[in-house]
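First comes the structure, then the notes that go with it.
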Amino acid sequence: MRPAFYMCLMFAVLGGVVNCDHHKDHEQKDHSAVHQEQHQHHHDGHQAEHHAGEHDDHQIKEHMTCHKITDVNAEFAFKFFKHMISKEECKNIFFSPVSISTAFALLSLGAKEDTLHQMIDNLGFNRSEITEEDLHGAFKHLIHTLNDPKSDLQLSTGNALFIEENMKILAKFLEDAKLYYDSEAFPSNFMNSESAKKQINDYVEKQTHGKIVELLQSIDPSTLMILINYIHFKGKWEKPFDPKLTTEADFFINNVTTVRVPMMHSYTSNRSWRDRKLGCTIVELPYAGNASALFILPNEGNMDKVEDALSVATLEMWRRSFRKNIVNLNLPKLSISSTIQLKEHLMKLGITDVFSNNADLSGITGARDLKVSKALHKAVLSIDEKGTEAAGATAVELIPLSFVFPTAFNRPFLLLIYDHVTKSILFMGKICNPALA
């Protein structure tokens with residue numbers, strides 16, 4: 001039987017919460033990690049010192065290429081979302097498209113021939129317009145920018161490879177995974193599945209500040225490698241909600257089902273827009289820092305039309321159309337989680353070979369002896385009233401009165417969390433029942 005390569009994606013997001021810590025949990029690494037990875041890290045450092053000019057030119061190129069891939073990543077986000085939604089059933093969906101794209105871009109370092117082409121093409125990249133080196137360089141720049149310790153946001157992302165102790169991995173794969181994706185490498189004993197499960201779950205829990213606990217329920221003893229990608233976001237509202245104004249209210253899931261939820265309220269100026277052509281209202285709530293949440297409320301009976309229209313062009317049109325308006329906003333306080341088995345959805349998008357015996361991942365071991373058996377994406381989202389005390393000074397803003405947006409998010413709505421620096425959709429979701437944990 002062909003060995004299984006078990007790939008696991010995960011992330012956590014926590015939005016609108018006070019007392020953010022601004023440190024990054026990257027300083028503690030397992031000292032038993034693969035020695036070649038450590039050696040390459042020091043080697044890269046020395047090379048950078050001796051070639052500062054070339055390094056600067058390379059960084060500029062990576063920066064330019066990074067912005068080239070953001071539209072591609074956004075289109076992938078919308079395409080993946082449309083495969084996730086069901087026209088028959090309204091259910092909560094939440095995921096990080098940039099996490100999924102990054103994980104499969106990392107995996108593509110080890111892919112060859114049709115397996116590679118399927119992954120690159122169906123992530124949305126045009127191989128005639130971007131080289132593999134530029135593609136990976138762009139993701140390197142994206143990861144570096146998202147992990148900026150100077151940002152007001154607490155935002156961290158990273159990758160890790162848990163490798164069977166006796167498995168022989170090509171040095172180039174480990175070196176490139178470290179160089180482009182800052183991927184850590186750890187030896188694991190998957191034959192002792194309980195020990196390996198605890199090792200990985202503990203790592204995930206630490207990197208997500210305790211938000212993802214017990215990610216893996218079990219591990220197949222035949223597993224040879226587990227790839228982890230995580231992204232953790234903790235933002236503080238630029239204009240926090242007043243907890244005293246939060247009250248219980250009805251949320252209309254559909255024409256026959258209603259649930260009671262805590263509804264936050266604010267009456268202040270926000271960038272917003274009513275798209276009369278598509279029939280929806282969009283309100284942007286900025287975080288302290290370079291990110292915003294876009295809340296999209298379709299008119300009653302208009303959800304399908306808005307979902308079908310989601311695209312980079314639509315998003316840019318909304319952002320160009322935003323105006324400062326007084327918004328009488330009612331937004332549910334919520335805490336939801338979502339677990340997605342990616343294999344089915346990615347195969348529908350055309351990424352098939354990597355999950356089958358046709359897989360060519362010979363760039364990992366030197367032989368065509370691996371395939372992906374599982375791909376898991378887990379996410380949590382929390383939204384509440386809290387923010388920084390400093391943001392209280394901007395809670396009320398005086399502008400020329402135009403008209404008031406009475407906007408109550410008391411029925412299913414869509415959500416995007418957008419990073420302004422990288423122009424990336426960090427997270428995307430559909431909230432159908434905020435009462436579900």
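As shown in the structure tokens, the chain order sets the letters A, B, ...; within each chain, residues go from 1, and ligands are also counted from 1 in the order they appear.
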
* What lies within 9 Å of stretch 103-105 of chain A using only C-alpha atoms, ignoring chain neighbours under 3 positions off, as a ChimeraX atom specification? -> /A:8-9,98-100,108-109,119-120,123,135-136,139,159,227-229

* To do: Could you give me, as number ranges by chain, the residues within 12 Å of A:Ser96, counting only C-alpha atoms and dropping anything in the same chain fewer than 5 positions from it?
  => A: 9-13, 73-74, 76-78, 80-81, 101-103, 157, 229-233, 338-340, 377-381, 415-418, 424-429

Neighbour list for A:Leu278 as a PDB file with all heavy atoms, in the first residue's frame, cut-off 12 Å, only C-alpha atoms, skip fewer than 6 positions in-chain:
ATOM      1  N   ILE A 296     -21.630  42.416   4.788  1.00  0.00           N
ATOM      2  CA  ILE A 296     -22.459  42.526   3.585  1.00  0.00           C
ATOM      3  C   ILE A 296     -23.836  41.951   3.885  1.00  0.00           C
ATOM      4  O   ILE A 296     -23.971  40.759   4.167  1.00  0.00           O
ATOM      5  CB  ILE A 296     -21.809  41.770   2.410  1.00  0.00           C
ATOM      6  CG1 ILE A 296     -20.380  42.274   2.188  1.00  0.00           C
ATOM      7  CG2 ILE A 296     -22.642  41.914   1.138  1.00  0.00           C
ATOM      8  CD1 ILE A 296     -19.492  41.281   1.462  1.00  0.00           C
ATOM      9  N   LEU A 297     -24.854  42.794   3.844  1.00  0.00           N
ATOM     10  CA  LEU A 297     -26.217  42.384   4.174  1.00  0.00           C
ATOM     11  C   LEU A 297     -27.085  42.432   2.920  1.00  0.00           C
ATOM     12  O   LEU A 297     -27.483  43.504   2.469  1.00  0.00           O
ATOM     13  CB  LEU A 297     -26.799  43.312   5.241  1.00  0.00           C
ATOM     14  CG  LEU A 297     -28.216  42.986   5.712  1.00  0.00           C
ATOM     15  CD1 LEU A 297     -28.243  41.668   6.479  1.00  0.00           C
ATOM     16  CD2 LEU A 297     -28.761  44.125   6.587  1.00  0.00           C
ATOM     17  N   PRO A 298     -27.378  41.275   2.310  1.00  0.00           N
ATOM     18  CA  PRO A 298     -28.281  41.271   1.143  1.00  0.00           C
ATOM     19  C   PRO A 298     -29.701  41.645   1.545  1.00  0.00           C
ATOM     20  O   PRO A 298     -30.133  41.373   2.672  1.00  0.00           O
ATOM     21  CB  PRO A 298     -28.223  39.808   0.659  1.00  0.00           C
ATOM     22  CG  PRO A 298     -26.960  39.245   1.257  1.00  0.00           C
ATOM     23  CD  PRO A 298     -26.815  39.947   2.578  1.00  0.00           C
ATOM     24  N   ASN A 299     -30.407  42.271   0.629  1.00  0.00           N
ATOM     25  CA  ASN A 299     -31.829  42.498   0.861  1.00  0.00           C
ATOM     26  C   ASN A 299     -32.535  41.150   1.020  1.00  0.00           C
ATOM     27  O   ASN A 299     -32.027  40.112   0.572  1.00  0.00           O
ATOM     28  CB  ASN A 299     -32.450  43.258  -0.307  1.00  0.00           C
ATOM     29  CG  ASN A 299     -31.877  44.664  -0.446  1.00  0.00           C
ATOM     30  OD1 ASN A 299     -31.195  45.152   0.452  1.00  0.00           O
ATOM     31  ND2 ASN A 299     -32.161  45.291  -1.572  1.00  0.00           N
ATOM     32  N   GLU A 300     -33.694  41.161   1.654  1.00  0.00           N
ATOM     33  CA  GLU A 300     -34.418  39.906   1.876  1.00  0.00           C
ATOM     34  C   GLU A 300     -34.665  39.185   0.557  1.00  0.00           C
ATOM     35  O   GLU A 300     -35.124  39.788  -0.423  1.00  0.00           O
ATOM     36  CB  GLU A 300     -35.740  40.186   2.592  1.00  0.00           C
ATOM     37  CG  GLU A 300     -35.550  40.613   4.042  1.00  0.00           C
ATOM     38  CD  GLU A 300     -36.867  40.631   4.808  1.00  0.00           C
ATOM     39  OE1 GLU A 300     -37.588  39.613   4.748  1.00  0.00           O
ATOM     40  OE2 GLU A 300     -37.158  41.657   5.440  1.00  0.00           O
ATOM     41  N   GLY A 301     -34.333  37.889   0.524  1.00  0.00           N
ATOM     42  CA  GLY A 301     -34.521  37.076  -0.666  1.00  0.00           C
ATOM     43  C   GLY A 301     -33.462  37.277  -1.735  1.00  0.00           C
ATOM     44  O   GLY A 301     -33.593  36.740  -2.841  1.00  0.00           O
ATOM     45  N   ASN A 302     -32.404  38.025  -1.395  1.00  0.00           N
ATOM     46  CA  ASN A 302     -31.420  38.399  -2.416  1.00  0.00           C
ATOM     47  C   ASN A 302     -30.042  37.787  -2.187  1.00  0.00           C
ATOM     48  O   ASN A 302     -29.088  38.144  -2.882  1.00  0.00           O
ATOM     49  CB  ASN A 302     -31.286  39.928  -2.454  1.00  0.00           C
ATOM     50  CG  ASN A 302     -31.198  40.455  -3.869  1.00  0.00           C
ATOM     51  OD1 ASN A 302     -31.846  39.916  -4.764  1.00  0.00           O
ATOM     52  ND2 ASN A 302     -30.410  41.492  -4.070  1.00  0.00           N
ATOM     53  N   MET A 303     -29.924  36.861  -1.231  1.00  0.00           N
ATOM     54  CA  MET A 303     -28.621  36.291  -0.889  1.00  0.00           C
ATOM     55  C   MET A 303     -27.956  35.623  -2.097  1.00  0.00           C
ATOM     56  O   MET A 303     -26.765  35.829  -2.371  1.00  0.00           O
ATOM     57  CB  MET A 303     -28.760  35.290   0.256  1.00  0.00           C
ATOM     58  CG  MET A 303     -27.463  34.579   0.630  1.00  0.00           C
ATOM     59  SD  MET A 303     -26.189  35.664   1.313  1.00  0.00           S
ATOM     60  CE  MET A 303     -26.762  35.857   3.009  1.00  0.00           C
ATOM     61  N   ASP A 304     -28.706  34.806  -2.840  1.00  0.00           N
ATOM     62  CA  ASP A 304     -28.123  34.075  -3.975  1.00  0.00           C
ATOM     63  C   ASP A 304     -27.541  35.033  -5.012  1.00  0.00           C
ATOM     64  O   ASP A 304     -26.450  34.798  -5.548  1.00  0.00           O
ATOM     65  CB  ASP A 304     -29.172  33.177  -4.645  1.00  0.00           C
ATOM     66  CG  ASP A 304     -29.571  31.991  -3.778  1.00  0.00           C
ATOM     67  OD1 ASP A 304     -28.914  31.787  -2.727  1.00  0.00           O
ATOM     68  OD2 ASP A 304     -30.519  31.280  -4.144  1.00  0.00           O
ATOM     69  N   LYS A 305     -28.238  36.114  -5.282  1.00  0.00           N
ATOM     70  CA  LYS A 305     -27.779  37.080  -6.289  1.00  0.00           C
ATOM     71  C   LYS A 305     -26.464  37.724  -5.859  1.00  0.00           C
ATOM     72  O   LYS A 305     -25.536  37.881  -6.670  1.00  0.00           O
ATOM     73  CB  LYS A 305     -28.850  38.149  -6.508  1.00  0.00           C
ATOM     74  CG  LYS A 305     -28.493  39.166  -7.581  1.00  0.00           C
ATOM     75  CD  LYS A 305     -29.618  40.178  -7.776  1.00  0.00           C
ATOM     76  CE  LYS A 305     -29.263  41.206  -8.853  1.00  0.00           C
ATOM     77  NZ  LYS A 305     -30.360  42.196  -9.042  1.00  0.00           N
ATOM     78  N   VAL A 306     -26.366  38.086  -4.583  1.00  0.00           N
ATOM     79  CA  VAL A 306     -25.138  38.712  -4.081  1.00  0.00           C
ATOM     80  C   VAL A 306     -23.989  37.715  -4.086  1.00  0.00           C
ATOM     81  O   VAL A 306     -22.867  38.040  -4.501  1.00  0.00           O
ATOM     82  CB  VAL A 306     -25.370  39.284  -2.672  1.00  0.00           C
ATOM     83  CG1 VAL A 306     -24.063  39.844  -2.093  1.00  0.00           C
ATOM     84  CG2 VAL A 306     -26.438  40.377  -2.700  1.00  0.00           C
ATOM     85  N   GLU A 307     -24.246  36.483  -3.642  1.00  0.00           N
ATOM     86  CA  GLU A 307     -23.194  35.462  -3.635  1.00  0.00           C
ATOM     87  C   GLU A 307     -22.670  35.202  -5.047  1.00  0.00           C
ATOM     88  O   GLU A 307     -21.458  35.082  -5.258  1.00  0.00           O
ATOM     89  CB  GLU A 307     -23.730  34.167  -3.022  1.00  0.00           C
ATOM     90  CG  GLU A 307     -23.960  34.247  -1.528  1.00  0.00           C
ATOM     91  CD  GLU A 307     -24.623  32.999  -0.975  1.00  0.00           C
ATOM     92  OE1 GLU A 307     -25.259  32.251  -1.752  1.00  0.00           O
ATOM     93  OE2 GLU A 307     -24.514  32.769   0.241  1.00  0.00           O
ATOM     94  N   ASP A 308     -23.569  35.109  -6.017  1.00  0.00           N
ATOM     95  CA  ASP A 308     -23.154  34.850  -7.398  1.00  0.00           C
ATOM     96  C   ASP A 308     -22.294  35.983  -7.954  1.00  0.00           C
ATOM     97  O   ASP A 308     -21.452  35.756  -8.834  1.00  0.00           O
ATOM     98  CB  ASP A 308     -24.383  34.653  -8.297  1.00  0.00           C
ATOM     99  CG  ASP A 308     -25.121  33.354  -8.008  1.00  0.00           C
ATOM    100  OD1 ASP A 308     -24.523  32.454  -7.388  1.00  0.00           O
ATOM    101  OD2 ASP A 308     -26.308  33.246  -8.394  1.00  0.00           O
ATOM    102  N   ALA A 309     -22.501  37.201  -7.458  1.00  0.00           N
ATOM    103  CA  ALA A 309     -21.784  38.370  -7.987  1.00  0.00           C
ATOM    104  C   ALA A 309     -20.437  38.601  -7.316  1.00  0.00           C
ATOM    105  O   ALA A 309     -19.669  39.463  -7.753  1.00  0.00           O
ATOM    106  CB  ALA A 309     -22.649  39.619  -7.817  1.00  0.00           C
ATOM    107  N   LEU A 310     -20.119  37.839  -6.255  1.00  0.00           N
ATOM    108  CA  LEU A 310     -18.863  38.052  -5.542  1.00  0.00           C
ATOM    109  C   LEU A 310     -17.666  37.835  -6.469  1.00  0.00           C
ATOM    110  O   LEU A 310     -17.533  36.796  -7.108  1.00  0.00           O
ATOM    111  CB  LEU A 310     -18.768  37.112  -4.341  1.00  0.00           C
ATOM    112  CG  LEU A 310     -19.687  37.423  -3.154  1.00  0.00           C
ATOM    113  CD1 LEU A 310     -19.580  36.331  -2.106  1.00  0.00           C
ATOM    114  CD2 LEU A 310     -19.362  38.786  -2.554  1.00  0.00           C
ATOM    115  N   THR A 314     -16.239  43.170  -8.104  1.00  0.00           N
ATOM    116  CA  THR A 314     -17.330  43.624  -7.242  1.00  0.00           C
ATOM    117  C   THR A 314     -16.783  44.231  -5.958  1.00  0.00           C
ATOM    118  O   THR A 314     -17.238  45.293  -5.516  1.00  0.00           O
ATOM    119  CB  THR A 314     -18.273  42.457  -6.912  1.00  0.00           C
ATOM    120  OG1 THR A 314     -18.843  41.948  -8.117  1.00  0.00           O
ATOM    121  CG2 THR A 314     -19.399  42.908  -5.995  1.00  0.00           C
ATOM    122  N   MET A 317     -15.340  47.600  -6.677  1.00  0.00           N
ATOM    123  CA  MET A 317     -16.411  48.557  -6.942  1.00  0.00           C
ATOM    124  C   MET A 317     -17.014  49.048  -5.630  1.00  0.00           C
ATOM    125  O   MET A 317     -17.264  50.249  -5.447  1.00  0.00           O
ATOM    126  CB  MET A 317     -17.480  47.922  -7.838  1.00  0.00           C
ATOM    127  CG  MET A 317     -18.640  48.852  -8.201  1.00  0.00           C
ATOM    128  SD  MET A 317     -19.993  48.809  -7.002  1.00  0.00           S
ATOM    129  CE  MET A 317     -20.638  47.148  -7.283  1.00  0.00           C
ATOM    130  N   TRP A 318     -17.262  48.116  -4.692  1.00  0.00           N
ATOM    131  CA  TRP A 318     -17.803  48.514  -3.395  1.00  0.00           C
ATOM    132  C   TRP A 318     -16.843  49.458  -2.677  1.00  0.00           C
ATOM    133  O   TRP A 318     -17.258  50.482  -2.139  1.00  0.00           O
ATOM    134  CB  TRP A 318     -18.052  47.277  -2.534  1.00  0.00           C
ATOM    135  CG  TRP A 318     -19.251  46.480  -2.938  1.00  0.00           C
ATOM    136  CD1 TRP A 318     -20.324  46.904  -3.679  1.00  0.00           C
ATOM    137  CD2 TRP A 318     -19.512  45.108  -2.609  1.00  0.00           C
ATOM    138  NE1 TRP A 318     -21.234  45.882  -3.830  1.00  0.00           N
ATOM    139  CE2 TRP A 318     -20.769  44.766  -3.182  1.00  0.00           C
ATOM    140  CE3 TRP A 318     -18.821  44.138  -1.892  1.00  0.00           C
ATOM    141  CZ2 TRP A 318     -21.327  43.500  -3.052  1.00  0.00           C
ATOM    142  CZ3 TRP A 318     -19.374  42.874  -1.757  1.00  0.00           C
ATOM    143  CH2 TRP A 318     -20.616  42.558  -2.332  1.00  0.00           C
TER     144      TRP A 318
END

* To do: Would you list, as a ChimeraX atom specification, the residues of stretch 151-391 of chain A that end up in alpha helix (DSSP H) under DSSP run on this structure's backbone?
  => /A:171-181,193-207,303-309,312-321,342-348,362-365

Just write the chosen residues, C-alpha atoms, as a short mmCIF file (atom, residue, chain, number, x, y, z; two decimals), in the first residue's frame.
data_model
loop_
_atom_site.label_atom_id
_atom_site.label_comp_id
_atom_site.auth_asym_id
_atom_site.auth_seq_id
_atom_site.Cartn_x
_atom_site.Cartn_y
_atom_site.Cartn_z
CA ALA A 171 17.34 18.68 1.38
CA LYS A 172 16.11 21.06 -1.32
CA PHE A 173 12.48 20.64 -0.28
CA LEU A 174 13.30 21.44 3.36
CA GLU A 175 15.53 24.36 2.35
CA ASP A 176 12.91 25.88 0.04
CA ALA A 177 10.13 25.34 2.61
CA LYS A 178 12.24 27.27 5.11
CA LEU A 179 13.41 29.94 2.66
CA TYR A 180 10.04 30.81 1.13
CA TYR A 181 7.53 29.78 3.81
CA SER A 193 -0.14 7.97 17.12
CA GLU A 194 -1.23 9.27 20.53
CA SER A 195 2.16 10.85 21.16
CA ALA A 196 2.27 12.38 17.65
CA LYS A 197 -1.29 13.69 18.02
CA LYS A 198 -0.41 15.38 21.32
CA GLN A 199 2.75 16.89 19.81
CA ILE A 200 0.85 18.46 16.92
CA ASN A 201 -2.20 19.52 18.91
CA ASP A 202 0.01 21.19 21.52
CA TYR A 203 1.87 23.07 18.77
CA VAL A 204 -1.38 24.24 17.18
CA GLU A 205 -2.88 25.32 20.50
CA LYS A 206 0.23 27.35 21.33
CA GLN A 207 0.44 29.07 17.94
CA MET A 303 -28.62 36.29 -0.89
CA ASP A 304 -28.12 34.08 -3.98
CA LYS A 305 -27.78 37.08 -6.29
CA VAL A 306 -25.14 38.71 -4.08
CA GLU A 307 -23.19 35.46 -3.64
CA ASP A 308 -23.15 34.85 -7.40
CA ALA A 309 -21.78 38.37 -7.99
CA VAL A 312 -12.52 40.97 -7.19
CA ALA A 313 -14.24 43.48 -9.50
CA THR A 314 -17.33 43.62 -7.24
CA LEU A 315 -15.20 44.07 -4.13
CA GLU A 316 -13.22 46.88 -5.73
CA MET A 317 -16.41 48.56 -6.94
CA TRP A 318 -17.80 48.51 -3.39
CA ARG A 319 -14.59 49.91 -1.94
CA ARG A 320 -14.51 52.74 -4.51
CA SER A 321 -18.16 53.54 -3.77
CA LEU A 342 -11.02 20.32 1.91
CA LYS A 343 -10.47 17.29 -0.30
CA GLU A 344 -13.97 17.17 -1.80
CA HIS A 345 -14.11 20.88 -2.54
CA LEU A 346 -10.60 21.13 -4.00
CA MET A 347 -11.20 18.13 -6.25
CA LYS A 348 -14.28 19.93 -7.63
CA SER A 362 8.67 13.35 -6.00
CA GLY A 363 10.12 16.75 -5.10
CA ILE A 364 9.70 15.75 -1.44
CA THR A 365 11.42 12.35 -1.33
#

* Please measure the separation of atom CA of A:Glu248 and atom CA of A:Lys91, giving the value in Å to one decimal. =>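 A separation of 21.6 Å between them.
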
* To do: List every residue of stretch 170-262 of chain A that DSSP, applied to the backbone of this structure, places in strand (DSSP E), and write the result as a list in words.
  =>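 Of stretch 170-262 of chain A, only Glu184, Ala185, Phe186, Pro187, Ser188, Met225, Ile226, Leu227, Ile228, Asn229, Tyr230, Ile231, His232, Phe233, Lys234, Gly235, Thr247, Glu248, Ala249, Asp250, Phe251, Phe252, Thr258, Val259, Arg260, Val261 and Pro262 of chain A fall in strand (DSSP E).
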
Written selection (N, CA and C atoms) as a PDB file, in the first residue's frame:
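As written to disk, part33.pdb reads:
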ATOM      1  N   GLU A 184       8.878  25.539   9.860  1.00  0.00           N
ATOM      2  CA  GLU A 184       9.607  24.760  10.848  1.00  0.00           C
ATOM      3  C   GLU A 184       9.463  23.274  10.504  1.00  0.00           C
ATOM      4  N   ALA A 185      10.437  22.471  10.935  1.00  0.00           N
ATOM      5  CA  ALA A 185      10.378  21.027  10.694  1.00  0.00           C
ATOM      6  C   ALA A 185      10.623  20.281  11.997  1.00  0.00           C
ATOM      7  N   PHE A 186       9.764  19.309  12.282  1.00  0.00           N
ATOM      8  CA  PHE A 186       9.850  18.551  13.528  1.00  0.00           C
ATOM      9  C   PHE A 186       9.787  17.056  13.237  1.00  0.00           C
ATOM     10  N   PRO A 187      10.641  16.253  13.859  1.00  0.00           N
ATOM     11  CA  PRO A 187      10.515  14.800  13.724  1.00  0.00           C
ATOM     12  C   PRO A 187       9.351  14.288  14.576  1.00  0.00           C
ATOM     13  N   SER A 188       8.605  13.330  14.052  1.00  0.00           N
ATOM     14  CA  SER A 188       7.464  12.755  14.775  1.00  0.00           C
ATOM     15  C   SER A 188       7.479  11.241  14.636  1.00  0.00           C
ATOM     16  N   MET A 225       3.893  12.323   6.917  1.00  0.00           N
ATOM     17  CA  MET A 225       4.115  13.759   7.113  1.00  0.00           C
ATOM     18  C   MET A 225       2.777  14.457   7.335  1.00  0.00           C
ATOM     19  N   ILE A 226       2.781  15.450   8.200  1.00  0.00           N
ATOM     20  CA  ILE A 226       1.632  16.328   8.377  1.00  0.00           C
ATOM     21  C   ILE A 226       2.113  17.758   8.195  1.00  0.00           C
ATOM     22  N   LEU A 227       1.466  18.473   7.273  1.00  0.00           N
ATOM     23  CA  LEU A 227       1.771  19.880   7.005  1.00  0.00           C
ATOM     24  C   LEU A 227       0.730  20.739   7.719  1.00  0.00           C
ATOM     25  N   ILE A 228       1.209  21.651   8.528  1.00  0.00           N
ATOM     26  CA  ILE A 228       0.328  22.549   9.273  1.00  0.00           C
ATOM     27  C   ILE A 228       0.518  23.970   8.772  1.00  0.00           C
ATOM     28  N   ASN A 229      -0.569  24.645   8.475  1.00  0.00           N
ATOM     29  CA  ASN A 229      -0.547  26.084   8.231  1.00  0.00           C
ATOM     30  C   ASN A 229      -1.510  26.734   9.217  1.00  0.00           C
ATOM     31  N   TYR A 230      -1.068  27.780   9.874  1.00  0.00           N
ATOM     32  CA  TYR A 230      -1.963  28.463  10.804  1.00  0.00           C
ATOM     33  C   TYR A 230      -1.936  29.963  10.523  1.00  0.00           C
ATOM     34  N   ILE A 231      -3.030  30.607  10.843  1.00  0.00           N
ATOM     35  CA  ILE A 231      -3.092  32.069  10.834  1.00  0.00           C
ATOM     36  C   ILE A 231      -3.970  32.490  11.997  1.00  0.00           C
ATOM     37  N   HIS A 232      -3.462  33.413  12.794  1.00  0.00           N
ATOM     38  CA  HIS A 232      -4.172  33.869  13.978  1.00  0.00           C
ATOM     39  C   HIS A 232      -4.296  35.392  13.922  1.00  0.00           C
ATOM     40  N   PHE A 233      -5.499  35.876  14.111  1.00  0.00           N
ATOM     41  CA  PHE A 233      -5.786  37.306  14.009  1.00  0.00           C
ATOM     42  C   PHE A 233      -6.533  37.753  15.246  1.00  0.00           C
ATOM     43  N   LYS A 234      -6.091  38.841  15.817  1.00  0.00           N
ATOM     44  CA  LYS A 234      -6.773  39.410  16.987  1.00  0.00           C
ATOM     45  C   LYS A 234      -6.781  40.921  16.822  1.00  0.00           C
ATOM     46  N   GLY A 235      -7.932  41.475  16.478  1.00  0.00           N
ATOM     47  CA  GLY A 235      -8.009  42.897  16.193  1.00  0.00           C
ATOM     48  C   GLY A 235      -8.900  43.626  17.170  1.00  0.00           C
ATOM     49  N   THR A 247     -28.256  44.325  23.538  1.00  0.00           N
ATOM     50  CA  THR A 247     -29.519  43.773  24.049  1.00  0.00           C
ATOM     51  C   THR A 247     -29.898  42.527  23.255  1.00  0.00           C
ATOM     52  N   GLU A 248     -30.751  41.710  23.839  1.00  0.00           N
ATOM     53  CA  GLU A 248     -31.262  40.539  23.140  1.00  0.00           C
ATOM     54  C   GLU A 248     -32.211  40.976  22.024  1.00  0.00           C
ATOM     55  N   ALA A 249     -32.059  40.323  20.868  1.00  0.00           N
ATOM     56  CA  ALA A 249     -32.927  40.675  19.735  1.00  0.00           C
ATOM     57  C   ALA A 249     -33.127  39.454  18.855  1.00  0.00           C
ATOM     58  N   ASP A 250     -34.103  39.530  17.966  1.00  0.00           N
ATOM     59  CA  ASP A 250     -34.388  38.430  17.051  1.00  0.00           C
ATOM     60  C   ASP A 250     -33.404  38.443  15.877  1.00  0.00           C
ATOM     61  N   PHE A 251     -32.965  37.237  15.480  1.00  0.00           N
ATOM     62  CA  PHE A 251     -32.199  37.042  14.251  1.00  0.00           C
ATOM     63  C   PHE A 251     -33.009  36.082  13.394  1.00  0.00           C
ATOM     64  N   PHE A 252     -33.360  36.525  12.195  1.00  0.00           N
ATOM     65  CA  PHE A 252     -34.274  35.770  11.340  1.00  0.00           C
ATOM     66  C   PHE A 252     -33.474  34.878  10.383  1.00  0.00           C
ATOM     67  N   THR A 258     -36.507  31.708  13.865  1.00  0.00           N
ATOM     68  CA  THR A 258     -35.939  32.890  14.507  1.00  0.00           C
ATOM     69  C   THR A 258     -35.208  32.463  15.776  1.00  0.00           C
ATOM     70  N   VAL A 259     -34.043  33.078  16.031  1.00  0.00           N
ATOM     71  CA  VAL A 259     -33.316  32.817  17.273  1.00  0.00           C
ATOM     72  C   VAL A 259     -33.056  34.147  17.962  1.00  0.00           C
ATOM     73  N   ARG A 260     -32.900  34.089  19.276  1.00  0.00           N
ATOM     74  CA  ARG A 260     -32.567  35.278  20.053  1.00  0.00           C
ATOM     75  C   ARG A 260     -31.048  35.345  20.218  1.00  0.00           C
ATOM     76  N   VAL A 261     -30.464  36.501  19.915  1.00  0.00           N
ATOM     77  CA  VAL A 261     -29.016  36.673  20.013  1.00  0.00           C
ATOM     78  C   VAL A 261     -28.713  38.016  20.662  1.00  0.00           C
ATOM     79  N   PRO A 262     -27.542  38.153  21.306  1.00  0.00           N
ATOM     80  CA  PRO A 262     -27.133  39.471  21.803  1.00  0.00           C
ATOM     81  C   PRO A 262     -26.763  40.364  20.619  1.00  0.00           C
TER      82      PRO A 262
END

* Would you please work out which residue, of A:Met191, A:Pro240, A:Arg323, A:Gln341, is nearest to A:Met84 when using only C-alpha atoms? =>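 Looking at the shortest contact to A:Met84, the residue is A:Gln341.
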